[in-house]
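Source file: work-v5.cif (mmCIF, C-alpha atoms)
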```
data_work
#
loop_
_atom_site.label_atom_id
_atom_site.label_comp_id
_atom_site.auth_asym_id
_atom_site.auth_seq_id
_atom_site.Cartn_x
_atom_site.Cartn_y
_atom_site.Cartn_z
CA MET A 1334 106.70 22.58 274.57
CA ASP A 1335 107.48 22.98 270.94
CA PHE A 1336 104.16 22.89 269.21
CA PHE A 1337 104.27 20.61 266.21
CA ASN A 1338 101.82 22.63 264.16
CA ASP A 1339 98.90 25.09 264.22
CA LYS A 1340 96.48 22.29 265.05
CA HIS A 1341 98.22 21.80 268.39
CA VAL A 1342 98.26 25.52 269.13
CA GLU A 1343 94.54 25.77 268.41
CA ALA A 1344 93.80 22.78 270.64
CA ALA A 1345 95.82 24.31 273.51
CA LYS A 1346 94.00 27.64 273.07
CA ASP A 1347 90.63 25.90 273.23
CA LEU A 1348 91.61 24.26 276.53
CA ILE A 1349 93.04 27.42 278.10
CA TYR A 1350 90.15 29.63 276.98
CA LYS A 1351 87.58 27.51 278.78
CA MET A 1352 89.70 27.25 281.92
CA ALA A 1353 90.35 30.99 282.04
CA ASP A 1354 86.73 31.94 281.25
CA ASP A 1355 85.39 29.58 283.93
CA GLN A 1356 87.68 31.17 286.49
CA LEU A 1357 86.94 34.74 285.45
CA ILE A 1358 83.17 34.22 285.56
CA ILE A 1359 83.01 32.24 288.81
CA GLY A 1360 85.49 34.68 290.35
CA HIS A 1361 83.19 37.56 289.44
CA ARG A 1362 80.10 35.73 290.65
CA ASN A 1363 81.64 34.76 294.00
CA SER A 1364 82.87 38.33 294.51
CA GLU A 1365 79.20 39.38 294.54
CA TRP A 1366 79.12 37.98 298.10
CA THR A 1367 81.69 40.54 299.24
CA GLY A 1368 80.13 42.55 302.03
CA LEU A 1369 77.11 40.22 302.20
CA GLY A 1370 78.70 37.01 303.51
CA PRO A 1371 77.10 35.16 306.44
CA ILE A 1372 79.80 36.21 308.93
CA LEU A 1373 82.77 38.56 308.66
CA GLU A 1374 85.38 35.77 308.62
CA GLU A 1375 83.56 33.87 305.85
CA ASP A 1376 83.04 37.08 303.88
CA ILE A 1377 86.80 37.67 303.90
CA ALA A 1378 87.66 34.05 303.06
CA PHE A 1379 85.14 33.78 300.20
CA SER A 1380 86.16 37.15 298.74
CA SER A 1381 89.80 36.24 298.95
CA MET A 1382 89.20 33.00 297.05
CA ALA A 1383 87.19 34.90 294.41
CA GLN A 1384 90.22 37.16 294.00
CA ASP A 1385 92.47 34.08 293.63
CA LYS A 1386 90.26 32.92 290.76
CA LEU A 1387 90.56 36.27 288.97
CA GLY A 1388 94.32 36.21 289.48
CA GLN A 1389 94.60 32.70 288.09
CA SER A 1390 92.48 33.59 285.08
CA GLU A 1391 94.80 36.51 284.34
CA HIS A 1392 97.77 34.12 284.24
CA LEU A 1393 95.90 31.89 281.81
CA TYR A 1394 94.93 34.86 279.60
CA ASN A 1395 98.60 35.85 279.56
CA LEU A 1396 99.40 32.37 278.31
CA LEU A 1397 96.86 32.88 275.51
CA HIS A 1398 98.57 36.16 274.69
CA GLU A 1399 101.84 34.25 274.27
CA LEU A 1400 99.99 31.99 271.83
CA GLY A 1401 98.96 34.98 269.71
CA GLU A 1402 95.67 36.14 271.27
CA ALA A 1403 95.03 39.74 272.37
CA ASP A 1404 96.25 40.91 275.79
CA ALA A 1405 94.52 39.79 279.00
CA ASP A 1406 92.37 42.92 279.54
CA THR A 1407 91.16 43.00 275.95
CA VAL A 1408 90.27 39.31 276.02
CA ALA A 1409 88.58 39.52 279.41
CA PHE A 1410 86.67 42.77 278.93
CA THR A 1411 85.81 43.21 275.26
CA ARG A 1412 84.28 39.92 274.14
CA ASN A 1413 80.55 39.27 273.82
CA GLU A 1414 78.83 36.37 275.52
CA ASN A 1415 78.96 34.11 272.46
CA GLN A 1416 82.75 34.40 272.52
CA PHE A 1417 82.97 33.05 276.08
CA HIS A 1418 83.81 29.37 276.55
CA SER A 1419 82.68 29.12 280.19
CA CYS A 1420 80.23 26.43 281.30
CA HIS A 1421 76.72 27.32 282.46
CA LEU A 1422 77.47 26.33 286.06
CA VAL A 1423 79.66 29.37 286.65
CA GLU A 1424 77.38 31.98 285.07
CA LEU A 1425 74.24 31.30 287.12
CA PRO A 1426 73.42 33.95 289.75
CA ILE A 1427 74.78 33.38 293.26
CA GLY A 1428 71.36 32.38 294.62
CA GLU A 1429 71.30 31.55 298.31
CA TYR A 1430 74.51 30.64 300.12
CA ASP A 1431 73.71 26.90 299.83
CA PHE A 1432 73.81 27.08 296.01
CA SER A 1433 77.00 29.16 296.00
CA LEU A 1434 78.69 26.67 298.34
CA ILE A 1435 77.67 23.59 296.36
CA ARG A 1436 78.82 25.27 293.14
CA HIS A 1437 82.10 26.20 294.85
CA PHE A 1438 82.52 22.55 295.95
CA LEU A 1439 81.66 20.92 292.59
CA PHE A 1440 83.60 23.42 290.47
CA ASP A 1441 86.70 23.65 292.63
CA MET A 1442 87.02 19.88 292.94
CA ALA A 1443 87.03 19.67 289.13
CA GLU A 1444 89.49 22.54 288.90
CA ALA A 1445 91.83 20.96 291.47
CA ILE A 1446 91.87 17.64 289.59
CA ARG A 1447 92.32 19.37 286.22
CA PHE A 1448 95.40 21.24 287.47
CA GLU A 1449 96.73 18.06 289.11
CA MET A 1450 96.54 16.39 285.70
CA LEU A 1451 98.18 19.38 284.03
CA VAL A 1452 101.23 19.24 286.31
CA ASP A 1453 102.53 16.58 283.89
CA SER A 1454 101.47 18.42 280.71
CA SER A 1455 103.92 18.53 277.81
CA TYR A 1456 103.03 22.21 277.50
CA GLU A 1457 105.60 23.35 280.07
CA ASN A 1458 104.22 26.89 280.65
CA LEU A 1459 100.84 25.43 281.52
CA ALA A 1460 102.38 22.74 283.75
CA GLN A 1461 104.27 25.52 285.57
CA LEU A 1462 101.04 27.39 286.26
CA ALA A 1463 99.44 24.17 287.51
CA ARG A 1464 102.27 23.81 290.04
CA LYS A 1465 102.04 27.47 291.01
CA PHE A 1466 98.28 27.35 291.74
CA LYS A 1467 98.43 24.10 293.74
CA GLY A 1468 98.44 25.67 297.22
CA GLU A 1469 95.68 28.19 296.50
CA ILE A 1470 93.41 25.55 295.02
CA LYS A 1471 94.07 23.14 297.88
CA TYR A 1472 92.77 25.74 300.31
CA HIS A 1473 89.72 26.36 298.10
CA THR A 1474 88.73 22.67 298.13
CA MET A 1475 89.50 22.42 301.85
CA HIS A 1476 87.18 25.37 302.46
CA ALA A 1477 84.44 23.93 300.23
CA ASN A 1478 84.60 20.47 301.73
CA THR A 1479 84.64 21.68 305.34
CA TRP A 1480 81.48 23.74 304.67
CA LEU A 1481 79.84 20.84 302.85
CA GLN A 1482 80.41 18.41 305.72
CA GLN A 1483 79.40 21.06 308.26
CA LEU A 1484 76.06 21.92 306.67
CA ALA A 1485 75.15 18.45 305.42
CA THR A 1486 75.50 17.12 308.96
CA GLY A 1487 74.18 20.24 310.73
CA ASN A 1488 70.41 19.94 311.17
CA GLU A 1489 67.48 18.87 308.99
CA GLU A 1490 67.06 22.25 307.38
CA SER A 1491 70.74 22.66 306.49
CA LYS A 1492 70.89 19.11 305.11
CA ALA A 1493 67.73 19.58 303.01
CA ARG A 1494 69.03 22.85 301.63
CA MET A 1495 72.34 21.31 300.63
CA GLN A 1496 70.55 18.40 298.96
CA ASN A 1497 68.26 20.77 297.01
CA ALA A 1498 71.20 22.88 295.93
CA LEU A 1499 73.05 19.75 294.84
CA ASN A 1500 70.06 18.60 292.77
CA GLU A 1501 70.00 21.97 291.03
CA ALA A 1502 73.75 22.22 290.45
CA TRP A 1503 74.50 18.62 289.43
CA PRO A 1504 73.46 18.68 285.73
CA LEU A 1505 75.24 22.02 285.37
CA ALA A 1506 78.38 20.61 287.00
CA LEU A 1507 78.40 17.75 284.50
CA GLY A 1508 78.50 20.48 281.83
CA ILE A 1509 82.04 21.35 282.98
CA PHE A 1510 83.15 18.24 281.08
CA GLU A 1511 81.53 19.05 277.74
CA PRO A 1512 83.94 17.58 275.17
CA GLY A 1513 86.29 20.16 273.68
CA ALA A 1514 86.85 20.85 270.01
CA ALA A 1515 90.15 18.97 269.86
CA GLU A 1516 90.33 16.40 272.64
CA ASP A 1517 92.23 13.90 270.50
CA VAL A 1518 94.89 16.42 269.55
CA LEU A 1519 95.47 17.35 273.21
CA LYS A 1520 95.84 13.69 274.12
CA GLU A 1521 98.04 12.84 271.14
CA VAL A 1522 100.76 15.30 272.17
CA ASN A 1523 100.25 14.88 275.94
CA ILE A 1524 99.02 18.39 276.63
CA PHE A 1525 95.95 17.12 278.50
CA GLU A 1526 94.32 13.72 279.05
CA GLY A 1527 90.88 15.07 278.15
CA GLU A 1528 87.51 15.92 279.67
CA ALA A 1529 86.32 12.29 279.90
CA ALA A 1530 89.34 11.29 282.01
CA LEU A 1531 88.86 14.36 284.20
CA GLU A 1532 85.16 13.63 284.68
CA ALA A 1533 85.85 10.03 285.75
CA LYS A 1534 88.36 11.16 288.41
CA TRP A 1535 86.07 13.96 289.58
CA LEU A 1536 83.08 11.65 289.86
CA GLN A 1537 85.05 9.26 292.02
CA GLU A 1538 86.32 11.92 294.44
CA VAL A 1539 83.11 13.92 294.62
CA THR A 1540 81.01 10.79 295.17
CA ALA A 1541 83.16 9.76 298.15
CA LEU A 1542 82.83 13.20 299.77
CA LEU A 1543 79.08 13.47 299.12
CA ASP A 1544 78.59 9.97 300.55
CA LYS A 1545 80.49 10.99 303.66
CA ALA A 1546 78.23 14.05 303.95
CA GLY A 1547 75.13 11.83 303.55
CA LEU A 1548 73.94 13.58 300.39
CA SER A 1549 72.76 11.68 297.34
CA ILE A 1550 73.67 12.37 293.74
CA PRO A 1551 70.50 12.86 291.63
CA ASP A 1552 69.74 9.99 289.24
CA GLY A 1553 69.27 10.09 285.50
CA VAL A 1554 70.15 13.72 284.79
CA SER A 1555 71.63 14.84 281.49
CA PRO A 1556 74.59 17.20 281.48
CA VAL A 1557 73.94 20.80 280.45
CA TYR A 1558 76.20 21.47 277.47
CA GLY A 1559 76.59 24.44 275.15
CA GLY A 1560 78.78 26.81 277.17
CA ARG A 1561 82.02 25.59 275.59
CA LYS A 1562 80.55 26.45 272.17
CA GLY A 1563 79.51 29.95 273.14
CA GLN A 1564 75.85 29.17 273.84
CA HIS A 1565 74.86 30.69 277.17
CA THR A 1566 71.94 31.36 279.49
CA ALA A 1567 70.36 34.79 279.82
CA HIS A 1568 72.52 35.36 282.92
CA LEU A 1569 75.92 35.78 281.27
CA GLN A 1570 75.48 39.00 279.26
CA PRO A 1571 74.22 41.07 282.24
CA LEU A 1572 77.22 39.80 284.22
CA LEU A 1573 79.58 40.87 281.43
CA ASP A 1574 77.89 44.28 281.19
CA GLU A 1575 78.40 44.85 284.90
CA MET A 1576 81.97 43.48 284.91
CA THR A 1577 83.07 45.69 282.00
CA GLU A 1578 81.19 48.83 283.01
CA VAL A 1579 84.22 50.69 284.36
CA TYR A 1580 86.61 49.36 281.71
CA SER A 1581 84.28 50.52 278.93
CA ILE A 1582 84.29 54.13 280.16
CA ASP A 1583 87.91 54.42 279.06
CA PRO A 1584 89.58 51.24 277.75
CA THR A 1585 92.92 53.03 277.41
CA ALA A 1586 93.09 54.28 281.02
CA ASP A 1587 96.11 53.31 283.10
CA TRP A 1588 95.41 51.70 286.49
CA MET B 1361 62.04 49.72 297.24
CA ILE B 1362 65.49 50.37 298.64
CA LYS B 1363 67.69 52.04 296.00
CA SER B 1364 71.42 51.75 296.33
CA LEU B 1365 74.60 52.58 294.43
CA ASP B 1366 75.48 48.91 294.92
CA PRO B 1367 73.84 46.91 292.07
CA ARG B 1368 73.70 43.81 294.30
CA ILE B 1369 71.37 45.60 296.70
CA ASP B 1370 69.11 46.76 293.84
CA ARG B 1371 68.94 43.24 292.41
CA ALA B 1372 67.60 41.97 295.75
CA LYS B 1373 64.54 44.26 295.35
CA LEU B 1374 64.24 44.96 299.07
CA THR B 1375 61.03 46.58 300.26
CA HIS B 1376 62.22 47.00 303.85
CA ASP B 1377 65.52 47.02 305.68
CA PRO B 1378 66.10 43.32 306.43
CA ILE B 1379 68.80 43.92 309.02
CA GLU B 1380 67.45 43.34 312.51
CA PRO B 1381 69.46 44.17 315.60
CA LEU B 1382 71.62 41.26 316.79
CA LYS B 1383 70.23 39.05 319.51
CA GLU B 1384 72.40 38.21 322.46
CA MET B 1385 74.75 35.27 321.75
CA ASP B 1386 74.04 35.69 318.05
CA GLN B 1387 77.72 35.11 317.24
CA PHE B 1388 79.72 31.91 317.05
CA GLN B 1389 82.20 31.26 319.84
CA THR B 1390 85.71 32.64 319.49
CA TYR B 1391 88.99 30.82 318.91
CA GLU B 1392 92.39 32.26 319.79
CA VAL B 1393 94.78 32.11 316.84
CA PHE B 1394 98.52 31.39 317.15
CA HIS B 1395 100.78 31.91 314.17
CA GLN B 1396 104.18 30.33 313.49
CA THR B 1397 106.40 31.97 310.88
CA LYS B 1398 109.02 29.23 310.55
CA ARG B 1399 109.30 25.67 311.75
CA GLY B 1400 110.94 25.52 315.17
CA GLN B 1401 109.94 29.08 316.10
CA GLN B 1402 107.31 29.67 318.75
CA HIS B 1403 103.66 30.18 317.85
CA LEU B 1404 102.64 33.76 318.64
CA HIS B 1405 99.14 34.91 319.52
CA VAL B 1406 97.78 37.11 316.71
CA GLY B 1407 94.05 37.51 317.46
CA ILE B 1408 90.73 35.70 317.35
CA VAL B 1409 88.21 34.34 314.85
CA HIS B 1410 84.52 33.46 315.27
CA ALA B 1411 83.71 29.90 314.21
CA PRO B 1412 81.29 27.06 315.02
CA ASN B 1413 84.11 24.53 315.49
CA ALA B 1414 87.88 24.10 315.33
CA ASP B 1415 87.96 22.95 311.68
CA MET B 1416 86.23 26.10 310.51
CA ALA B 1417 88.30 28.23 312.88
CA ILE B 1418 91.42 26.96 311.09
CA LEU B 1419 89.91 27.88 307.70
CA TYR B 1420 89.27 31.41 308.90
CA ALA B 1421 92.55 31.78 310.80
CA LYS B 1422 94.39 31.06 307.55
CA GLU B 1423 92.56 33.84 305.68
CA GLN B 1424 92.58 36.43 308.49
CA TYR B 1425 96.12 35.97 309.76
CA ALA B 1426 98.19 34.03 307.22
CA ARG B 1427 97.22 35.58 303.91
CA ARG B 1428 100.36 37.63 303.59
CA GLY B 1429 103.95 36.94 304.55
CA GLU B 1430 105.43 33.63 305.56
CA THR B 1431 103.57 30.98 307.55
CA ALA B 1432 104.62 27.49 308.61
CA ASN B 1433 101.79 26.55 310.93
CA ILE B 1434 98.64 27.78 312.68
CA TRP B 1435 97.09 26.78 316.00
CA VAL B 1436 93.56 27.58 317.12
CA VAL B 1437 92.35 27.16 320.70
CA ALA B 1438 88.77 27.73 321.88
CA SER B 1439 88.88 30.93 323.94
CA GLU B 1440 86.91 29.20 326.71
CA HIS B 1441 89.84 26.81 327.21
CA VAL B 1442 92.24 29.60 328.09
CA SER B 1443 92.94 30.03 331.80
CA ALA B 1444 93.90 33.52 332.86
CA THR B 1445 94.82 35.59 335.89
CA ASP B 1446 92.30 38.01 337.32
CA TYR B 1447 92.92 41.73 336.75
CA PHE B 1448 92.05 42.09 340.42
CA ASP B 1449 95.35 40.31 341.13
CA GLN B 1450 97.39 42.49 338.81
CA ASP B 1451 99.50 43.55 341.80
CA ILE B 1452 101.20 40.14 341.83
CA PHE B 1453 103.24 41.36 338.86
CA GLU B 1454 104.65 44.36 340.70
CA THR B 1455 108.32 44.13 341.65
CA THR B 1456 109.58 45.94 344.69
CA PRO B 1457 112.33 48.45 343.86
CA GLU B 1458 114.83 46.76 346.17
CA LYS B 1459 114.96 43.70 343.90
CA PHE B 1460 116.32 45.57 340.90
CA HIS B 1461 119.12 42.99 340.70
CA ARG B 1462 116.51 40.83 338.89
CA ASP B 1463 116.32 43.41 336.13
CA PRO B 1464 118.88 42.66 333.41
CA ALA B 1465 119.23 46.39 332.73
CA SER B 1466 120.85 46.81 336.09
CA TYR B 1467 123.90 44.78 335.11
CA LYS B 1468 126.64 47.09 333.90
CA VAL B 1469 128.07 44.84 331.21
CA MET B 1470 128.51 47.55 328.59
CA ASP B 1471 131.57 48.87 330.44
CA ARG B 1472 133.19 45.48 330.24
CA ILE B 1473 132.26 44.98 326.58
CA LYS B 1474 133.75 48.38 325.72
CA ALA B 1475 136.89 47.56 327.67
CA TYR B 1476 137.21 44.23 325.83
CA LYS B 1477 136.78 45.90 322.44
CA GLU B 1478 139.43 48.48 323.27
CA ARG B 1479 141.78 45.71 324.31
CA VAL B 1480 141.22 43.74 321.08
CA LYS B 1481 141.74 46.86 318.96
CA GLY B 1482 144.84 47.82 320.82
#
```
Since I need it in another form, could you write the structure as structure tokens?
Amino acid sequence: MDFFNDKHVEAAKDLIYKMADDQLIIGHRNSEWTGLGPILEEDIAFSSMAQDKLGQSEHLYNLLHELGEADADTVAFTRNENQFHSCHLVELPIGEYDFSLIRHFLFDMAEAIRFEMLVDSSYENLAQLARKFKGEIKYHTMHANTWLQQLATGNEESKARMQNALNEAWPLALGIFEPGAAEDVLKEVNIFEGEAALEAKWLQEVTALLDKAGLSIPDGVSPVYGGRKGQHTAHLQPLLDEMTEVYSIDPTADW
Amino acid sequence: MIKSLDPRIDRAKLTHDPIEPLKEMDQFQTYEVFHQTKRGQQHLHVGIVHAPNADMAILYAKEQYARRGETANIWVVASEHVSATDYFDQDIFETTPEKFHRDPASYKVMDRIKAYKERVKG
């Protein structure tokens, strides 16, 4: 699109930063299962999806570069935690496989709906990416939902573990939809309908699937906000230190 | 404490090696995977995956066998549903030398193709 003014550019950057950071961080987290997955086939599938997330985040960072930010590697590997716009859900440690699966389900459903909405964005480069990622993300939600139904209807232990993981992840998942700095601007020029619209759609779809699985959504929880403003848990900085360890040895090295 | 070059192992703070030898039947059942490159082409057998049911077998078949290159469709079939010949009966596949007329290689068509080409050129 032709941006009308700087206000629109800033609003688009705010949106893309949080999307890219979420994907980079959850991609890194999920890759921690590589080599440790429950069975070989799942290990490969989960690792491959983690790699998809990193790949998608790179495309989004490249978009930011077009909007005047530093290049993808610099943005991904040289910022401190308070410069990251990711939500708390993605930065928590992988925990047991039940938590990682519930997080994968809740996050990827939101991501799938967000990109569905962005297919019609007036920001054409972003809409193009949304179309490009459609197939990958569809597999991710298919994988998440198949596991969810499988374990929630497996035996008492598997059902209880999924319910506990859901209770833990739910307030964090609501934090995905923390209002952005410029929601009105994004709406005004049809870049994005906004976090509230996304949350409503997500809640509807996720509720139907959790009902089908026989799991109940915890009552009366408040969303965990702060991530979009650069306020993070103690888990993010150690993740960043580990992720950037090799890069920091020689930032100018060619790969 | 087990020390490793892999930070994930160190984070787990393991005091003993948690990996016990596998029990018999510790694995999920296997599914045979058939891969189709383009619509209308035949599905070709490409290998197996371990999975608890067909839905999950399809998830895994996609990642193991359809991650690269072109794919139109995937089939999975529980290995236990495959009927097979017995290797004891492998001799049923032997052809006696006298019936070489069944072998397409024994037809001498190349001579005729060459002759035709000569004729067209000429």
- Message: One decimal, in Å: what's the spacing between CA of Pro1504 (chain A) and CA of Ala1383 (chain A)?
- Response: 23.0 Å
- Task: Please return, as JSON, numbers by chain, all residues of chain A lying within 9 Å of chain B when all atoms listed in the file are considered.
- Result: {"A": [1365, 1366, 1372, 1373, 1374, 1375, 1377, 1378, 1381, 1472, 1475, 1476, 1479, 1480, 1483, 1575]}
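Nearest residue to Lys1363 (chain B), choosing from B:Asp1449, B:Glu1440, B:Glu1454, B:Asp1377 and counting all atoms listed in the file: B:Asp1377.
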Taking all atoms of region 1422-1429 of chain B that the file lists and extending 8 Å past them on each side, where is the centre of the axis-aligned box and how long are its edges? Answer in Å to one decimal, as JSON.
```
{"center_x": 98.3, "center_y": 34.3, "center_z": 306.7, "size_x": 27.4, "size_y": 22.6, "size_z": 22.2}
```
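Distances here use only C-alpha atoms; by that measure, the residue among A:Val1522, A:Leu1462, A:Ala1533, A:Met1352 closest to Asn1338 (chain A) is A:Val1522.
Against this structure, the PyMOL selection byres ((chain A and resi 1457) around 12) ends up with Met1334, Asp1335, Phe1336, Ala1345, Leu1396, Leu1451, Val1452, Asp1453, Ser1454, Ser1455, Tyr1456, Asn1458, Leu1459, Ala1460, Gln1461, Leu1462, Ala1463, Arg1464, Asn1523, Ile1524 and Phe1525 of chain A.
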- Find the residues around region 1443-1446 of chain A up to 9 Å (all atoms listed in the file counted), leave out those fewer than 2 positions away in its own chain, and share them as a PyMOL selection string. chain A and resi 1352+1438-1441+1448-1451+1467+1470-1471+1473-1474+1506+1509+1531-1532+1534-1536+1539
- Length of the CA of His1361 (chain A) to CA of His1398 (chain A) vector [Å]: 21.4 Å
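Taking CA of Asp1370 (chain B) as the reference point, CA of Pro1571 (chain A) is found at 13.9 Å.
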- Message: I'd like the residues picked by the PyMOL selection byres ((chain B and resi 1435) around 6) written out as an MDAnalysis selection string, using the chain letters and numbers from the file.
- Response: chainID B and resid 1393:1394 1434 1436
- Quick one: which residues end up in the PyMOL selection byres ((chain B and resi 1375) around 7) for this structure, as number ranges by chain? B: 1361-1362, 1373-1374, 1376
Could you write out that same residue set with C-alpha atoms as a short mmCIF file (atom, residue, chain, number, x, y, z; two decimals), in the frame of the given file?
```cif
data_model
loop_
_atom_site.label_atom_id
_atom_site.label_comp_id
_atom_site.auth_asym_id
_atom_site.auth_seq_id
_atom_site.Cartn_x
_atom_site.Cartn_y
_atom_site.Cartn_z
CA MET B 1361 62.04 49.72 297.24
CA ILE B 1362 65.49 50.37 298.64
CA LYS B 1373 64.54 44.26 295.35
CA LEU B 1374 64.24 44.96 299.07
CA HIS B 1376 62.22 47.00 303.85
#
```
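The nearest approach to Thr1431 (chain B) among the residues B:Thr1455, B:Gln1402, B:Thr1445, B:Gln1450, with all atoms listed in the file taken into account, belongs to B:Gln1402.
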- Anything within 6 Å of (82.1, 21.6, 297.4): list those residues as a ChimeraX atom specification, counting all atoms listed in the file and sticking to the file's coordinates. /A:1435,1437-1439,1477-1478,1481
- Query: Which polymer residues have any atom within 9 Å of an atom of Ile1358 (chain A), counting all atoms listed in the file, with same-chain residues fewer than 2 positions away left out, as a list in words?
  - Reply: Ala1353, Asp1354, Asp1355, Gln1356, Gly1360, His1361, Arg1362, Asn1363, Lys1386, Leu1387, Ser1419, Val1423, Glu1424, Leu1569, Leu1572 and Leu1573 of chain A
Please list as a CSV table (one decimal) with C-alpha atoms, keeping the file's coordinate frame every residue within 9 Å of Glu1430 (chain B), counting only C-alpha atoms and excluding residues in the same chain fewer than 2 positions away.
```csv
chain,number,residue,atom,x,y,z
B,1396,GLN,CA,104.2,30.3,313.5
B,1397,THR,CA,106.4,32.0,310.9
B,1398,LYS,CA,109.0,29.2,310.6
B,1426,ALA,CA,98.2,34.0,307.2
B,1427,ARG,CA,97.2,35.6,303.9
B,1428,ARG,CA,100.4,37.6,303.6
B,1432,ALA,CA,104.6,27.5,308.6
```
- Query: Within 10 Å of Leu1400 (chain A), counting all atoms listed in the file, which residues qualify if same-chain residues fewer than 2 places away don't, as an MDAnalysis selection string?
  - Reply: chainID A and resid 1342:1343 1345:1346 1394:1398 1402:1403
Selected residues written out, C-alpha atoms, as a PDB file, keeping the file's coordinate frame:
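again07.pdb, written as the output of this step:
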```pdb
ATOM      1  CA  VAL A1342      98.260  25.520 269.130  1.00  0.00           C
ATOM      2  CA  GLU A1343      94.540  25.770 268.410  1.00  0.00           C
ATOM      3  CA  ALA A1345      95.820  24.310 273.510  1.00  0.00           C
ATOM      4  CA  LYS A1346      94.000  27.640 273.070  1.00  0.00           C
ATOM      5  CA  TYR A1394      94.930  34.860 279.600  1.00  0.00           C
ATOM      6  CA  ASN A1395      98.600  35.850 279.560  1.00  0.00           C
ATOM      7  CA  LEU A1396      99.400  32.370 278.310  1.00  0.00           C
ATOM      8  CA  LEU A1397      96.860  32.880 275.510  1.00  0.00           C
ATOM      9  CA  HIS A1398      98.570  36.160 274.690  1.00  0.00           C
ATOM     10  CA  GLU A1402      95.670  36.140 271.270  1.00  0.00           C
ATOM     11  CA  ALA A1403      95.030  39.740 272.370  1.00  0.00           C
TER      12      ALA A1403
END
```
